[in-house]
$ cat data_8.tsv   # TSV, C-alpha atoms
chain	number	residue	atom	x	y	z
A	1366	MET	CA	-24.09	5.01	-1.99
A	1367	ARG	CA	-20.51	4.04	-1.15
A	1368	LYS	CA	-19.48	0.42	-1.43
A	1369	SER	CA	-18.22	-0.92	1.89
A	1370	ILE	CA	-15.04	-2.98	2.04
A	1371	SER	CA	-13.46	-5.11	4.74
A	1372	LEU	CA	-10.00	-4.74	6.26
A	1373	ASP	CA	-8.78	-7.80	4.37
A	1374	ASP	CA	-10.03	-6.33	1.07
A	1375	ALA	CA	-8.22	-3.07	1.84
A	1376	ARG	CA	-4.97	-4.91	2.64
A	1377	GLU	CA	-5.17	-6.92	-0.56
A	1378	TYR	CA	-5.94	-3.83	-2.66
A	1379	VAL	CA	-2.97	-1.90	-1.23
A	1380	SER	CA	-0.59	-4.86	-1.54
A	1381	ASN	CA	-1.45	-5.07	-5.25
A	1382	LEU	CA	-0.54	-1.37	-5.66
A	1383	VAL	CA	2.87	-1.47	-3.92
A	1384	GLY	CA	5.45	0.19	-6.17
A	1385	ARG	CA	2.85	1.72	-8.48
A	1386	ASP	CA	1.78	5.35	-8.90
A	1387	VAL	CA	-1.47	6.21	-7.13
A	1388	ASP	CA	-3.75	9.19	-6.73
A	1389	VAL	CA	-4.63	9.70	-3.07
A	1390	LYS	CA	-7.63	11.62	-1.80
A	1391	VAL	CA	-7.67	12.40	1.94
A	1392	ASN	CA	-10.89	13.60	3.56
A	1393	ARG	CA	-9.93	15.67	6.61
A	1394	GLY	CA	-13.53	16.58	7.47
A	1395	ARG	CA	-15.57	19.77	7.12
A	1396	ASN	CA	-15.08	19.85	3.34
A	1397	LYS	CA	-11.27	19.76	3.61
A	1398	ILE	CA	-10.17	17.32	0.95
A	1399	LYS	CA	-6.49	17.02	-0.01
A	1400	LYS	CA	-5.30	15.32	-3.18
A	1401	TYR	CA	-1.83	13.86	-3.62
A	1402	ARG	CA	0.06	11.77	-6.15
A	1403	GLY	CA	2.66	9.28	-5.02
A	1404	VAL	CA	3.95	5.72	-4.89
A	1405	ILE	CA	3.04	3.16	-2.25
A	1406	SER	CA	6.47	2.29	-0.88
A	1407	GLU	CA	5.67	0.02	2.06
A	1408	ALA	CA	2.74	-2.10	3.16
A	1409	HIS	CA	2.73	-3.55	6.68
A	1410	GLU	CA	0.12	-5.41	8.70
A	1411	ASN	CA	-1.71	-2.31	9.97
A	1412	VAL	CA	-0.33	0.64	7.99
A	1413	PHE	CA	1.03	1.54	4.57
A	1414	VAL	CA	3.35	4.37	3.50
A	1415	ILE	CA	2.95	6.56	0.42
A	1416	LYS	CA	5.96	8.51	-0.88
A	1417	LEU	CA	4.55	11.75	-2.28
A	1418	GLN	CA	5.65	13.50	-5.46
A	1419	ASN	CA	5.94	17.29	-5.72
A	1420	ASP	CA	4.62	18.16	-2.28
A	1421	ILE	CA	5.87	19.78	0.91
A	1422	PHE	CA	5.75	16.47	2.75
A	1423	ASP	CA	7.86	13.58	1.53
A	1424	ARG	CA	5.52	10.79	2.67
A	1425	ILE	CA	2.34	10.01	4.55
A	1426	SER	CA	1.32	6.92	6.46
A	1427	CYS	CA	-2.23	5.62	6.45
A	1428	THR	CA	-4.08	2.77	8.11
A	1429	TYR	CA	-6.36	0.29	6.42
A	1430	THR	CA	-9.09	1.45	8.79
A	1431	ASP	CA	-8.86	4.89	7.14
A	1432	MET	CA	-9.77	3.23	3.84
A	1433	VAL	CA	-12.67	1.29	5.35
A	1434	CYS	CA	-14.04	4.46	6.99
A	1435	GLY	CA	-13.72	6.42	3.74
A	1436	GLU	CA	-11.14	8.92	4.98
A	1437	ILE	CA	-8.58	7.74	2.38
A	1438	SER	CA	-9.25	6.66	-1.19
A	1439	LEU	CA	-6.66	5.32	-3.62
A	1440	ASN	CA	-6.79	5.06	-7.39
A	1441	GLY	CA	-4.05	3.34	-9.35
A	1442	VAL	CA	-2.66	5.41	-12.20
$ encode --input "data_8.tsv" --output "structure tokens"
Amino acid sequence: MRKSISLDDAREYVSNLVGRDVDVKVNRGRNKIKKYRGVISEAHENVFVIKLQNDIFDRISCTYTDMVCGEISLNGV
């Protein structure tokens, strides 16, 4: 069973990881899971930006709602 978090908890968790390396797992549905490694470069009120390392894309933006819904998971390295 997955532990549920609130938007405020997600914001606080991301703000503590700004500037640190993170492993990102993105669930795109229908068993399509992408894994990235990057650094959280910016954290705003509704979104945060992750600069990716060694990938085709240079960055991705995510919302805190994505974390609450379980579409994005972050693990500090």
$ atom_distance --input "data_8.tsv" --atom1 "atom CA of Gly1403 of chain A" --atom2 "atom CA of Tyr1429 of chain A"
17.1 Å
$ residues_around --input "data_8.tsv" --residues "Asp1388 of chain A" --least-positions-apart "2" --cutoff "8 Å" --atoms "all atoms listed in the file" --output "VMD selection string"
chain A and resid 1386 1390 1400 to 1403 1439 to 1442
$ closest_residue --input "data_8.tsv" --among "A:Met1432, A:Val1383, A:Leu1372, A:Val1391" --to "Ile1415 of chain A" --atoms "all atoms listed in the file"
A:Val1383
$ closest_residue --input "data_8.tsv" --among "A:Leu1417, A:Ile1398, A:Ile1425, A:Val1412" --to "Arg1376 of chain A" --atoms "only C-alpha atoms"
A:Val1412
$ residues_near_point --input "data_8.tsv" --point "(8.8, 2.8, -2.3)" --cutoff "9 Å" --atoms "only C-alpha atoms" --output "ChimeraX atom specification"
/A:1383-1385,1404-1407,1414-1416
$ atom_distance --input "data_8.tsv" --atom1 "atom CA of Asp1420 of chain A" --atom2 "atom CA of Val1433 of chain A"
25.3 Å
$ atom_distance --input "data_8.tsv" --atom1 "atom CA of Glu1377 of chain A" --atom2 "atom CA of Thr1430 of chain A"
13.1 Å
